[in-house]
>>> print(open('my_file-v3.cif').read())   # mmCIF, C-alpha atoms
data_target
loop_
_atom_site.label_atom_id
_atom_site.label_comp_id
_atom_site.auth_asym_id
_atom_site.auth_seq_id
_atom_site.Cartn_x
_atom_site.Cartn_y
_atom_site.Cartn_z
CA MET A 5 -2.16 -191.70 8.97
CA ARG A 6 -4.95 -194.10 9.89
CA ALA A 7 -2.52 -196.36 11.81
CA ALA A 8 -1.17 -193.36 13.72
CA ARG A 9 -4.70 -192.37 14.77
CA LEU A 10 -5.41 -195.92 15.97
CA ASP A 11 -2.17 -195.93 17.97
CA ARG A 12 -3.14 -192.66 19.64
CA ARG A 13 -6.58 -194.04 20.56
CA VAL A 14 -5.00 -197.20 22.05
CA ARG A 15 -2.52 -195.13 24.06
CA LYS A 16 -5.29 -192.78 25.31
CA GLU A 17 -7.59 -195.62 26.38
CA ALA A 18 -4.72 -197.42 28.09
CA LYS A 19 -3.81 -194.31 30.12
CA LEU A 20 -7.41 -193.83 31.25
CA LEU A 21 -7.74 -197.45 32.36
CA VAL A 22 -4.40 -197.35 34.19
CA ARG A 23 -5.40 -194.13 35.99
CA GLU A 24 -8.76 -195.63 37.05
CA ALA A 25 -7.14 -198.88 38.19
CA ARG A 26 -4.43 -197.10 40.21
CA ALA A 27 -7.00 -194.84 41.91
CA ALA A 28 -9.07 -197.88 42.88
CA LEU A 29 -6.05 -199.76 44.19
CA ASP A 30 -4.99 -196.76 46.30
CA LEU A 31 -8.45 -195.99 47.71
CA LYS A 32 -9.93 -199.47 48.02
CA ARG A 33 -7.40 -201.49 49.92
CA GLY A 34 -9.91 -204.30 50.43
CA LEU A 35 -10.90 -204.44 46.77
CA ARG A 36 -12.94 -207.57 46.26
CA GLY A 37 -11.93 -210.44 44.01
CA LYS A 38 -8.79 -210.43 41.92
CA ALA A 39 -6.96 -207.40 43.33
CA GLY A 40 -3.59 -209.03 42.67
CA ASP A 41 -4.51 -209.72 39.05
CA LEU A 42 -5.53 -206.09 38.66
CA GLU A 43 -2.16 -204.93 40.03
CA ALA A 44 -0.28 -207.19 37.59
CA ALA A 45 -2.38 -206.19 34.58
CA THR A 46 -1.98 -202.49 35.44
CA THR A 47 1.79 -202.84 35.77
CA GLU A 48 2.01 -204.68 32.44
CA VAL A 49 0.17 -201.91 30.55
CA GLU A 50 2.12 -199.17 32.41
CA GLN A 51 5.44 -200.70 31.40
CA GLY A 52 4.29 -201.03 27.81
CA LEU A 53 3.36 -197.35 27.77
CA GLY A 54 6.65 -196.41 29.40
CA ASP A 55 8.65 -198.35 26.80
CA SER A 56 6.43 -197.10 23.93
CA ASP A 57 5.79 -200.79 23.20
CA LEU A 58 2.28 -200.62 21.74
CA GLN A 59 2.26 -204.34 20.96
CA ARG A 60 2.70 -205.04 24.68
CA VAL A 61 0.02 -202.47 25.50
CA ARG A 62 -2.40 -204.09 23.05
CA ARG A 63 -1.78 -207.51 24.56
CA GLY A 64 -2.44 -206.32 28.14
CA LEU A 65 -5.30 -203.95 27.39
CA PRO A 66 -8.18 -206.51 27.09
CA THR A 67 -7.22 -208.14 30.41
CA LEU A 68 -7.01 -204.77 32.18
CA ASP A 69 -10.32 -203.62 30.68
CA ALA A 70 -12.08 -206.80 31.84
CA LEU A 71 -10.68 -206.54 35.37
CA VAL A 72 -11.67 -202.87 35.69
CA ASP A 73 -15.21 -203.74 34.64
CA GLU A 74 -15.37 -206.68 37.05
CA LEU A 75 -13.72 -205.19 40.11
CA ILE A 76 -14.26 -201.44 40.00
CA LYS A 77 -17.26 -200.31 38.04
CA ARG A 78 -20.54 -200.04 39.89
CA PRO A 79 -22.85 -203.01 39.38
CA PRO A 80 -26.20 -202.34 37.75
CA LYS A 81 -28.96 -201.23 40.13
CA SER A 82 -31.39 -203.86 41.27
CA THR A 83 -35.13 -203.61 40.65
CA THR A 84 -35.70 -203.08 44.38
CA ARG A 85 -33.27 -200.17 44.42
CA ASP A 86 -34.98 -198.64 41.38
CA TYR A 87 -38.34 -198.81 43.20
CA VAL A 88 -36.90 -197.34 46.41
CA GLU A 89 -35.26 -194.45 44.58
CA SER A 90 -38.42 -193.74 42.57
CA ILE A 91 -40.60 -193.78 45.68
CA GLY A 92 -38.11 -191.57 47.53
CA LEU A 93 -38.10 -189.04 44.70
CA ALA A 94 -41.91 -189.03 44.58
CA VAL A 95 -42.07 -188.42 48.35
CA LEU A 96 -39.61 -185.51 48.10
CA ILE A 97 -41.63 -183.96 45.26
CA ALA A 98 -44.87 -184.39 47.24
CA LEU A 99 -43.32 -182.76 50.33
CA ALA A 100 -42.02 -179.86 48.25
CA LEU A 101 -45.45 -179.33 46.66
CA ARG A 102 -47.12 -179.47 50.08
CA ALA A 103 -44.66 -177.00 51.56
CA PHE A 104 -44.68 -174.44 48.76
CA VAL A 105 -47.52 -174.95 46.26
CA ILE A 106 -50.59 -176.90 47.33
CA GLU A 107 -51.88 -178.55 50.51
CA ALA A 108 -54.96 -180.53 51.48
CA PHE A 109 -57.30 -179.50 54.31
CA LYS A 110 -60.44 -181.01 55.81
CA ILE A 111 -63.45 -178.89 56.81
CA PRO A 112 -64.32 -179.68 60.46
CA SER A 113 -67.23 -177.31 61.16
CA SER A 114 -70.35 -175.78 59.62
CA SER A 115 -69.07 -172.18 59.77
CA MET A 116 -68.68 -171.96 55.97
CA TYR A 117 -72.02 -173.53 55.00
CA PRO A 118 -73.33 -173.60 52.33
CA THR A 119 -70.04 -172.97 50.48
CA LEU A 120 -68.19 -175.72 52.36
CA GLU A 121 -69.72 -178.58 54.33
CA ILE A 122 -68.38 -180.68 57.19
CA GLY A 123 -66.34 -183.50 55.65
CA ASP A 124 -65.30 -181.57 52.54
CA HIS A 125 -61.63 -182.11 51.70
CA ILE A 126 -60.14 -179.23 49.75
CA PHE A 127 -56.89 -178.27 48.08
CA VAL A 128 -55.42 -174.90 49.00
CA ASN A 129 -53.17 -172.80 46.77
CA LYS A 130 -50.21 -171.83 48.99
CA PHE A 131 -48.28 -170.21 46.15
CA ILE A 132 -50.68 -167.38 45.27
CA TYR A 133 -49.96 -165.25 48.36
CA GLY A 134 -46.21 -165.92 48.29
CA ILE A 135 -43.70 -168.60 49.22
CA ARG A 136 -42.76 -168.94 52.88
CA ILE A 137 -40.08 -170.97 54.63
CA PRO A 138 -41.74 -174.21 55.86
CA TRP A 139 -42.89 -174.21 59.51
CA THR A 140 -42.32 -170.44 59.78
CA ASN A 141 -44.19 -167.24 58.92
CA THR A 142 -41.18 -165.86 57.01
CA LYS A 143 -42.03 -165.19 53.35
CA LEU A 144 -39.38 -165.47 50.66
CA PHE A 145 -41.50 -163.40 48.29
CA GLU A 146 -45.13 -162.38 47.83
CA LEU A 147 -47.09 -162.54 44.56
CA ARG A 148 -50.14 -160.64 45.78
CA GLY A 149 -52.34 -160.13 48.81
CA PRO A 150 -55.86 -161.49 49.44
CA HIS A 151 -58.80 -159.97 47.55
CA HIS A 152 -62.36 -159.24 48.65
CA GLY A 153 -64.54 -162.35 48.71
CA GLU A 154 -61.74 -164.91 48.55
CA VAL A 155 -61.94 -167.97 50.80
CA ILE A 156 -58.68 -168.37 52.72
CA VAL A 157 -57.07 -170.83 55.13
CA PHE A 158 -55.09 -169.29 57.99
CA ALA A 159 -53.64 -169.97 61.41
CA GLN A 160 -56.21 -168.68 63.91
CA PRO A 161 -54.57 -165.61 65.54
CA CYS A 162 -55.38 -166.63 69.12
CA GLU A 163 -54.58 -170.35 68.61
CA THR A 164 -51.96 -170.54 65.89
CA ASP A 165 -51.85 -174.34 66.04
CA ARG A 166 -55.40 -174.44 64.63
CA ASP A 167 -56.26 -173.75 60.98
CA TYR A 168 -59.45 -171.84 60.15
CA ILE A 169 -61.15 -171.19 56.84
CA LYS A 170 -63.23 -168.04 56.24
CA ARG A 171 -64.10 -165.48 53.59
CA VAL A 172 -62.22 -162.18 53.26
CA ILE A 173 -64.66 -159.32 53.92
CA ALA A 174 -62.37 -156.29 54.24
CA LEU A 175 -58.70 -155.43 53.74
CA ALA A 176 -56.25 -153.33 55.74
CA GLY A 177 -57.45 -149.75 56.30
CA GLU A 178 -61.04 -150.51 55.31
CA THR A 179 -64.04 -150.25 57.61
CA VAL A 180 -66.51 -152.98 58.58
CA GLU A 181 -69.91 -152.76 60.21
CA VAL A 182 -72.74 -155.30 60.54
CA ARG A 183 -76.24 -154.00 61.26
CA CYS A 184 -79.33 -156.20 61.12
CA ASN A 185 -77.32 -158.92 59.29
CA VAL A 186 -76.26 -156.51 56.53
CA VAL A 187 -72.48 -156.15 56.14
CA TYR A 188 -71.16 -152.68 55.36
CA VAL A 189 -67.64 -152.25 53.95
CA ASN A 190 -66.36 -148.68 53.74
CA GLY A 191 -69.88 -147.49 54.55
CA LYS A 192 -71.52 -149.35 51.65
CA PRO A 193 -73.69 -152.47 52.13
CA ILE A 194 -72.63 -155.69 50.45
CA PRO A 195 -75.54 -156.39 48.05
CA ASN A 196 -77.64 -159.26 49.38
CA LYS A 197 -81.01 -160.83 48.59
CA LEU A 198 -83.21 -163.54 50.07
CA VAL A 199 -82.99 -166.82 48.14
CA GLN A 200 -84.79 -169.30 50.43
CA GLU A 201 -86.79 -168.32 53.48
CA GLN A 202 -86.70 -171.71 55.22
CA CYS A 203 -83.78 -174.07 54.75
CA LYS A 204 -82.06 -176.79 56.74
CA HIS A 205 -78.53 -178.10 56.88
CA ASP A 206 -76.63 -180.88 58.65
CA ASP A 207 -74.47 -179.90 61.59
CA PHE A 208 -72.30 -181.93 63.92
CA GLU A 209 -71.61 -181.83 67.64
CA GLU A 210 -69.44 -184.38 69.40
CA PRO A 211 -71.54 -186.76 71.58
CA PRO A 212 -71.03 -186.30 75.34
CA ASP A 213 -68.44 -188.40 77.14
CA ASP A 214 -70.98 -189.71 79.66
CA GLY A 215 -72.15 -192.48 77.35
CA LYS A 216 -75.38 -190.72 76.38
CA PRO A 217 -76.35 -190.64 72.69
CA GLY A 218 -75.58 -187.57 70.58
CA LYS A 219 -78.07 -185.14 69.09
CA GLY A 220 -78.59 -186.99 65.84
CA PRO A 221 -81.46 -189.41 65.21
CA ALA A 222 -78.90 -192.20 64.84
CA GLY A 223 -77.47 -191.39 68.26
CA ASP A 224 -74.35 -189.85 66.75
CA GLY A 225 -73.33 -186.18 66.69
CA TRP A 226 -75.20 -185.23 63.51
CA PHE A 227 -78.32 -183.10 63.76
CA GLU A 228 -80.36 -180.78 61.58
CA ARG A 229 -80.21 -177.00 61.92
CA SER A 230 -82.73 -174.50 60.49
CA CYS A 231 -81.61 -171.49 58.48
CA SER A 232 -82.51 -168.87 55.89
CA LYS A 233 -80.50 -168.56 52.68
CA TYR A 234 -79.24 -165.32 51.11
CA GLU A 235 -77.00 -164.39 48.20
CA GLU A 236 -74.25 -161.79 48.47
CA THR A 237 -72.29 -160.26 45.59
CA VAL A 238 -68.77 -158.89 45.96
CA GLU A 239 -66.93 -157.41 42.96
CA GLY A 240 -69.08 -159.44 40.56
CA MET A 241 -68.67 -162.72 42.48
CA ALA A 242 -71.83 -164.19 43.99
CA TYR A 243 -71.93 -166.64 46.89
CA PHE A 244 -74.58 -167.90 49.33
CA THR A 245 -74.76 -167.24 53.06
CA TYR A 246 -76.86 -168.80 55.82
CA HIS A 247 -78.58 -166.78 58.55
CA ASP A 248 -80.89 -167.64 61.41
CA PRO A 249 -84.38 -168.76 60.25
CA GLU A 250 -86.05 -165.71 61.84
CA ARG A 251 -84.21 -163.12 59.76
CA PRO A 252 -86.75 -162.91 56.88
CA THR A 253 -89.57 -162.32 59.39
CA ARG A 254 -87.54 -159.65 61.19
CA ASP A 255 -86.72 -157.94 57.90
CA ARG A 256 -90.44 -157.63 57.15
CA GLY A 257 -91.21 -156.24 60.62
CA PRO A 258 -90.51 -152.85 62.17
CA VAL A 259 -86.88 -151.70 62.18
CA SER A 260 -86.80 -151.61 65.99
CA SER A 261 -87.23 -155.42 66.07
CA ARG A 262 -84.34 -156.17 63.72
CA PRO A 263 -81.08 -155.65 65.65
CA ASN A 264 -79.68 -158.84 67.15
CA THR A 265 -76.59 -160.18 68.91
CA LYS A 266 -74.77 -160.64 65.58
CA ASP A 267 -74.42 -156.88 65.06
CA PHE A 268 -70.84 -155.63 64.94
CA PRO A 269 -68.90 -153.84 66.38
CA ASP A 270 -69.69 -152.95 69.95
CA GLU A 271 -67.88 -150.26 71.94
CA ILE A 272 -64.39 -151.85 71.89
CA PRO A 273 -62.35 -153.43 69.07
CA ARG A 274 -62.24 -157.20 69.44
CA HIS A 275 -58.90 -159.02 69.39
CA CYS A 276 -57.32 -161.97 71.18
CA ALA A 277 -56.78 -159.98 74.39
CA ASN A 278 -60.52 -159.35 74.80
CA GLN A 279 -62.12 -161.99 72.57
CA ILE A 280 -65.67 -163.19 73.13
CA ASP A 281 -66.42 -166.76 74.28
CA ASP A 282 -62.79 -167.72 74.89
CA ASP A 283 -59.86 -167.04 77.19
CA PRO A 284 -58.35 -163.59 76.49
CA HIS A 285 -54.60 -163.40 75.90
CA ASP A 286 -52.16 -161.15 74.07
CA VAL A 287 -50.84 -162.10 70.65
CA PRO A 288 -47.70 -160.22 69.54
CA ASN A 289 -48.45 -160.06 65.81
CA GLN A 290 -52.16 -159.13 66.05
CA LYS A 291 -53.13 -155.45 66.11
CA PRO A 292 -56.48 -154.49 67.69
CA GLY A 293 -57.79 -152.06 65.06
CA LYS A 294 -59.99 -149.22 66.21
CA ILE A 295 -63.64 -148.21 66.56
CA VAL A 296 -64.96 -145.01 64.95
CA VAL A 297 -68.37 -143.63 65.96
CA THR A 298 -70.16 -141.94 63.06
CA ARG A 299 -73.49 -141.16 64.84
CA ASN A 300 -73.88 -140.38 68.52
CA GLN A 301 -77.68 -140.24 68.43
CA ILE A 302 -79.58 -143.26 67.10
CA ALA A 303 -83.12 -142.14 66.35
CA PRO A 304 -85.98 -144.66 66.33
CA GLY A 305 -86.19 -146.36 62.94
CA THR A 306 -82.48 -145.92 62.17
CA GLU A 307 -81.15 -148.80 64.27
CA CYS A 308 -80.20 -150.77 61.15
CA GLU A 309 -78.20 -147.91 59.62
CA PRO A 310 -74.44 -147.55 60.16
CA TYR A 311 -73.39 -145.65 63.27
CA ARG A 312 -70.15 -147.26 64.52
CA HIS A 313 -67.56 -149.08 62.43
CA TYR A 314 -64.37 -151.06 62.89
CA VAL A 315 -61.16 -150.11 61.04
CA VAL A 316 -59.08 -153.09 59.89
CA PRO A 317 -55.46 -152.59 61.09
CA GLU A 318 -52.53 -152.47 58.69
CA GLY A 319 -51.18 -155.87 57.67
CA HIS A 320 -54.48 -157.60 58.51
CA VAL A 321 -57.72 -158.77 56.86
CA PHE A 322 -61.22 -159.06 58.33
CA VAL A 323 -62.87 -162.46 57.77
CA MET A 324 -66.32 -163.96 58.30
CA GLY A 325 -67.86 -167.39 57.81
CA ASP A 326 -70.65 -167.77 55.25
CA ASN A 327 -72.80 -169.37 57.96
CA ARG A 328 -73.26 -165.98 59.61
CA ALA A 329 -75.42 -167.26 62.47
CA ASN A 330 -72.94 -170.00 63.41
CA SER A 331 -69.40 -168.80 62.72
CA ASN A 332 -66.57 -167.97 65.10
CA ASP A 333 -64.74 -165.26 63.14
CA SER A 334 -63.28 -161.75 63.19
CA ARG A 335 -66.41 -160.41 64.88
CA TYR A 336 -65.33 -162.25 68.04
CA TRP A 337 -61.50 -162.33 68.02
CA GLY A 338 -60.41 -159.62 65.60
CA SER A 339 -58.59 -159.41 62.29
CA VAL A 340 -56.16 -161.95 60.84
CA PRO A 341 -52.49 -160.95 60.35
CA ILE A 342 -51.45 -161.39 56.72
CA GLU A 343 -48.51 -163.52 57.84
CA ASN A 344 -50.96 -166.08 59.31
CA ILE A 345 -52.60 -166.74 55.93
CA LYS A 346 -51.61 -170.10 54.45
CA GLY A 347 -53.41 -169.99 51.11
CA LYS A 348 -56.55 -169.65 49.00
CA ALA A 349 -59.13 -172.44 48.76
CA LEU A 350 -59.16 -174.06 45.31
CA PHE A 351 -61.58 -176.98 44.94
CA ILE A 352 -63.16 -179.93 46.73
CA TRP A 353 -61.40 -183.20 45.90
CA LEU A 354 -63.32 -185.43 48.35
CA SER A 355 -66.50 -185.02 50.39
CA TYR A 356 -68.38 -187.33 52.75
CA LYS A 357 -70.64 -187.21 55.77
CA ARG A 358 -69.30 -190.47 57.23
CA TRP A 359 -66.34 -192.59 56.17
CA GLY A 360 -66.18 -196.37 56.30
CA PHE A 361 -66.59 -199.58 54.35
CA ASP A 362 -70.33 -199.51 55.07
CA SER A 363 -70.78 -195.78 54.33
CA TRP A 364 -70.44 -195.51 50.55
CA GLY A 365 -73.86 -193.88 50.44
CA GLU A 366 -72.53 -191.05 52.62
CA ILE A 367 -70.01 -189.90 50.00
CA ARG A 368 -71.15 -186.63 48.40
CA TRP A 369 -70.18 -187.36 44.81
CA ARG A 370 -71.92 -184.21 43.50
CA ARG A 371 -69.56 -181.97 45.50
CA MET A 372 -66.31 -183.55 44.38
CA GLY A 373 -64.46 -181.40 41.84
CA ASN A 374 -66.41 -178.22 42.69
CA PHE A 375 -64.32 -175.04 42.82
CA VAL A 376 -64.58 -172.89 45.94
CA HIS A 377 -66.04 -169.43 45.25
#
>>> encode(input="my_file-v3.cif", output="structure tokens")
Amino acid sequence: MRAARLDRRVRKEAKLLVREARAALDLKRGLRGKAGDLEAATTEVEQGLGDSDLQRVRRGLPTLDALVDELIKRPPKSTTRDYVESIGLAVLIALALRAFVIEAFKIPSSSMYPTLEIGDHIFVNKFIYGIRIPWTNTKLFELRGPHHGEVIVFAQPCETDRDYIKRVIALAGETVEVRCNVVYVNGKPIPNKLVQEQCKHDDFEEPPDDGKPGKGPAGDGWFERSCSKYEETVEGMAYFTYHDPERPTRDRGPVSSRPNTKDFPDEIPRHCANQIDDDPHDVPNQKPGKIVVTRNQIAPGTECEPYRHYVVPEGHVFVMGDNRANSNDSRYWGSVPIENIKGKALFIWLSYKRWGFDSWGEIRWRRMGNFVH
């Protein structure tokens, strides 16, 4: 019985080797090395199998096995190839993560101070609001929509090739009004309190092209801007906002002295076709929203109370920068279509004021690793 099993194993292995050798000889006409030897060895084992002469098969099998290994089987991968394949796989994984899960962005302006500073590098969660086909606005599925107070990255509706980052103030169907720097959502003020009456923060403006020095004391584009600091609370989440330095004084004065140019809205709903401070143009996927007047007569002393609000259109969110006195946001160009939103800000992984071999002191180590709230 044992001898019969061994004979069957020899016959089975011989058939497999013959099949592999014949396939190689048929497909690889220019087979390197000893192609003639392989043909002879294959024929020898084939004839032994055909004549049921297992002794002949056993004699030819080692030679055929050695030739198949030498001439047909793939040589082991080199170290260089291993490195190339590993690097290629890592690149593919990184591209997939960037396209569907997480992406890095750099903060270019002061519109989100003090939450985010110029030179902050953040990671953005692209998965939370749904997976979209790369380089399109088509979503494969959606986990959930944005929530009040979340900091989001989106394609600016009027210039979709530019990414903006702002805070979500109101959702579709809700109302927004800003009077005397107080934001009202659905007729209720967002709770806010003064934290610091006089503050300062770094800002940046590109130096002129005429060769003259920039605003900063070092002749570059950095300069110092004055502010006042407040704290707002939305659904239990607190965050700081900056306002112009005169706001605390105005708030202590008569109501008639408080309204300023940052009040919102005016008589018409703002959108890309009538945006402030930029060239108006139509955008197919942006709806204008509407204005609703709640008080026709504004009596003296009630100028800071709600009297005209903006209704966020369906499929959109209303966003504002935390630096309320220096932010280009929905107050000027309207609401953001949901399909323009790229993700939710996660945390700061790198932060610096200047970058260079001689600028290690400009790295903001204390900010690195901070979550964005």
>>> closest_residue(input="my_file-v3.cif", among="A:Cys203, A:Ala44, A:Leu147, A:Ala329", to="Leu68 (chain A)", atoms="all atoms listed in the file")
A:Ala44
>>> closest_residue(input="my_file-v3.cif", among="A:Val199, A:Cys162, A:Ile342, A:Cys308", to="Asp282 (chain A)", atoms="all atoms listed in the file")
A:Cys162
>>> closest_residue(input="my_file-v3.cif", among="A:Gln200, A:Thr46, A:Asn289, A:Thr179", to="Thr67 (chain A)", atoms="all atoms listed in the file")
A:Thr46
>>> atom_distance(input="my_file-v3.cif", atom1="CA of Val95 (chain A)", atom2="CA of Phe127 (chain A)")
18.0 Å
>>> resolve_selection(input="my_file-v3.cif", expression="the PyMOL selection byres ((chain A and resi 350-352) around 6)", output="PDB file with C-alpha atoms, in the frame of the given file")
ATOM      1  CA  HIS A 125     -61.630-182.110  51.700  1.00  0.00           C
ATOM      2  CA  ILE A 126     -60.140-179.230  49.750  1.00  0.00           C
ATOM      3  CA  PHE A 127     -56.890-178.270  48.080  1.00  0.00           C
ATOM      4  CA  VAL A 128     -55.420-174.900  49.000  1.00  0.00           C
ATOM      5  CA  ALA A 349     -59.130-172.440  48.760  1.00  0.00           C
ATOM      6  CA  TRP A 353     -61.400-183.200  45.900  1.00  0.00           C
ATOM      7  CA  LEU A 354     -63.320-185.430  48.350  1.00  0.00           C
ATOM      8  CA  MET A 372     -66.310-183.550  44.380  1.00  0.00           C
ATOM      9  CA  GLY A 373     -64.460-181.400  41.840  1.00  0.00           C
ATOM     10  CA  ASN A 374     -66.410-178.220  42.690  1.00  0.00           C
ATOM     11  CA  PHE A 375     -64.320-175.040  42.820  1.00  0.00           C
ATOM     12  CA  VAL A 376     -64.580-172.890  45.940  1.00  0.00           C
TER      13      VAL A 376
END
>>> closest_residue(input="my_file-v3.cif", among="A:Glu366, A:Glu181, A:Asp57, A:Asp167", to="Ser113 (chain A)", atoms="only C-alpha atoms")
A:Asp167
>>> residues_around(input="my_file-v3.cif", residues="Glu48 (chain A)", least_positions_apart="2", cutoff="8 Å", atoms="all atoms listed in the file", output="list in words")
Ala44, Ala45, Thr46, Glu50, Gln51, Gly52, Arg60, Val61 and Gly64 of chain A
>>> atom_distance(input="my_file-v3.cif", atom1="CA of Ile132 (chain A)", atom2="CA of Pro150 (chain A)")
8.9 Å
>>> axis_aligned_box(input="my_file-v3.cif", around="region 154-161 of chain A", padding_each_side="6 Å", output="AutoDock Vina command-line options")
--center_x -57.8 --center_y -167.9 --center_z 57.0 --size_x 20.3 --size_y 17.9 --size_z 29.0
>>> closest_residue(input="my_file-v3.cif", among="A:Asp224, A:Asp267, A:Asp248, A:Glu209", to="Val186 (chain A)", atoms="all atoms listed in the file")
A:Asp267
>>> atom_distance(input="my_file-v3.cif", atom1="CA of Arg26 (chain A)", atom2="CA of Asp73 (chain A)")
13.8 Å
>>> residues_around(input="my_file-v3.cif", residues="region 311-315 of chain A", least_positions_apart="4", cutoff="8 Å", atoms="all atoms listed in the file", output="PyMOL selection string")
chain A and resi 176-181+268-270+273+293-300+302
>>> residues_around(input="my_file-v3.cif", residues="region 256-259 of chain A", least_positions_apart="4", cutoff="12 Å", atoms="only C-alpha atoms", output="ChimeraX atom specification")
/A:183-184,198,201,250-252,263-264,303-309
>>> resolve_selection(input="my_file-v3.cif", expression="the PyMOL selection byres ((chain A and resi 278) around 12)", output="tab-separated table (two decimals) with C-alpha atoms, in the coordinates of the input")
chain	number	residue	atom	x	y	z
A	162	CYS	CA	-55.38	-166.63	69.12
A	272	ILE	CA	-64.39	-151.85	71.89
A	273	PRO	CA	-62.35	-153.43	69.07
A	274	ARG	CA	-62.24	-157.20	69.44
A	275	HIS	CA	-58.90	-159.02	69.39
A	276	CYS	CA	-57.32	-161.97	71.18
A	277	ALA	CA	-56.78	-159.98	74.39
A	279	GLN	CA	-62.12	-161.99	72.57
A	280	ILE	CA	-65.67	-163.19	73.13
A	281	ASP	CA	-66.42	-166.76	74.28
A	282	ASP	CA	-62.79	-167.72	74.89
A	283	ASP	CA	-59.86	-167.04	77.19
A	284	PRO	CA	-58.35	-163.59	76.49
A	285	HIS	CA	-54.60	-163.40	75.90
A	286	ASP	CA	-52.16	-161.15	74.07
A	287	VAL	CA	-50.84	-162.10	70.65
A	292	PRO	CA	-56.48	-154.49	67.69
A	335	ARG	CA	-66.41	-160.41	64.88
A	336	TYR	CA	-65.33	-162.25	68.04
A	337	TRP	CA	-61.50	-162.33	68.02
A	338	GLY	CA	-60.41	-159.62	65.60
>>> residues_around(input="my_file-v3.cif", residues="Val340 (chain A)", least_positions_apart="5", cutoff="7 Å", atoms="only C-alpha atoms", output="list of chain:residue names")
A:Pro161, A:His320, A:Val321, A:Phe322
>>> residues_near_point(input="my_file-v3.cif", point="(-68.6, -168.4, 63.0)", cutoff="12 Å", atoms="only C-alpha atoms", output="short mmCIF file (atom, residue, chain, number, x, y, z; two decimals) with C-alpha atoms, in the frame of the given file")
data_model
loop_
_atom_site.label_atom_id
_atom_site.label_comp_id
_atom_site.auth_asym_id
_atom_site.auth_seq_id
_atom_site.Cartn_x
_atom_site.Cartn_y
_atom_site.Cartn_z
CA SER A 113 -67.23 -177.31 61.16
CA SER A 114 -70.35 -175.78 59.62
CA SER A 115 -69.07 -172.18 59.77
CA MET A 116 -68.68 -171.96 55.97
CA TYR A 117 -72.02 -173.53 55.00
CA TYR A 168 -59.45 -171.84 60.15
CA ILE A 169 -61.15 -171.19 56.84
CA LYS A 170 -63.23 -168.04 56.24
CA ARG A 171 -64.10 -165.48 53.59
CA THR A 245 -74.76 -167.24 53.06
CA TYR A 246 -76.86 -168.80 55.82
CA HIS A 247 -78.58 -166.78 58.55
CA LYS A 266 -74.77 -160.64 65.58
CA ILE A 280 -65.67 -163.19 73.13
CA ASP A 281 -66.42 -166.76 74.28
CA VAL A 323 -62.87 -162.46 57.77
CA MET A 324 -66.32 -163.96 58.30
CA GLY A 325 -67.86 -167.39 57.81
CA ASP A 326 -70.65 -167.77 55.25
CA ASN A 327 -72.80 -169.37 57.96
CA ARG A 328 -73.26 -165.98 59.61
CA ALA A 329 -75.42 -167.26 62.47
CA ASN A 330 -72.94 -170.00 63.41
CA SER A 331 -69.40 -168.80 62.72
CA ASN A 332 -66.57 -167.97 65.10
CA ASP A 333 -64.74 -165.26 63.14
CA SER A 334 -63.28 -161.75 63.19
CA ARG A 335 -66.41 -160.41 64.88
CA TYR A 336 -65.33 -162.25 68.04
CA TRP A 337 -61.50 -162.33 68.02
#
>>> closest_residue(input="my_file-v3.cif", among="A:His151, A:Leu71, A:Arg371, A:His205", to="Asp41 (chain A)", atoms="all atoms listed in the file")
A:Leu71
>>> resolve_selection(input="my_file-v3.cif", expression="the PyMOL selection byres ((chain A and resi 367) around 8)", output="list in words")
Ser355, Tyr356, Lys357, Arg358, Trp359, Ser363, Trp364, Gly365, Glu366, Arg368 and Trp369 of chain A
>>> residues_near_point(input="my_file-v3.cif", point="(-50.6, -164.9, 54.0)", cutoff="10 Å", atoms="all atoms listed in the file", output="tab-separated table (two decimals) with C-alpha atoms, in the frame of the given file")
chain	number	residue	atom	x	y	z
A	130	LYS	CA	-50.21	-171.83	48.99
A	131	PHE	CA	-48.28	-170.21	46.15
A	132	ILE	CA	-50.68	-167.38	45.27
A	133	TYR	CA	-49.96	-165.25	48.36
A	134	GLY	CA	-46.21	-165.92	48.29
A	135	ILE	CA	-43.70	-168.60	49.22
A	136	ARG	CA	-42.76	-168.94	52.88
A	141	ASN	CA	-44.19	-167.24	58.92
A	142	THR	CA	-41.18	-165.86	57.01
A	143	LYS	CA	-42.03	-165.19	53.35
A	146	GLU	CA	-45.13	-162.38	47.83
A	148	ARG	CA	-50.14	-160.64	45.78
A	149	GLY	CA	-52.34	-160.13	48.81
A	150	PRO	CA	-55.86	-161.49	49.44
A	156	ILE	CA	-58.68	-168.37	52.72
A	157	VAL	CA	-57.07	-170.83	55.13
A	158	PHE	CA	-55.09	-169.29	57.99
A	159	ALA	CA	-53.64	-169.97	61.41
A	319	GLY	CA	-51.18	-155.87	57.67
A	320	HIS	CA	-54.48	-157.60	58.51
A	321	VAL	CA	-57.72	-158.77	56.86
A	340	VAL	CA	-56.16	-161.95	60.84
A	341	PRO	CA	-52.49	-160.95	60.35
A	342	ILE	CA	-51.45	-161.39	56.72
A	343	GLU	CA	-48.51	-163.52	57.84
A	344	ASN	CA	-50.96	-166.08	59.31
A	345	ILE	CA	-52.60	-166.74	55.93
A	346	LYS	CA	-51.61	-170.10	54.45
A	347	GLY	CA	-53.41	-169.99	51.11
A	348	LYS	CA	-56.55	-169.65	49.00
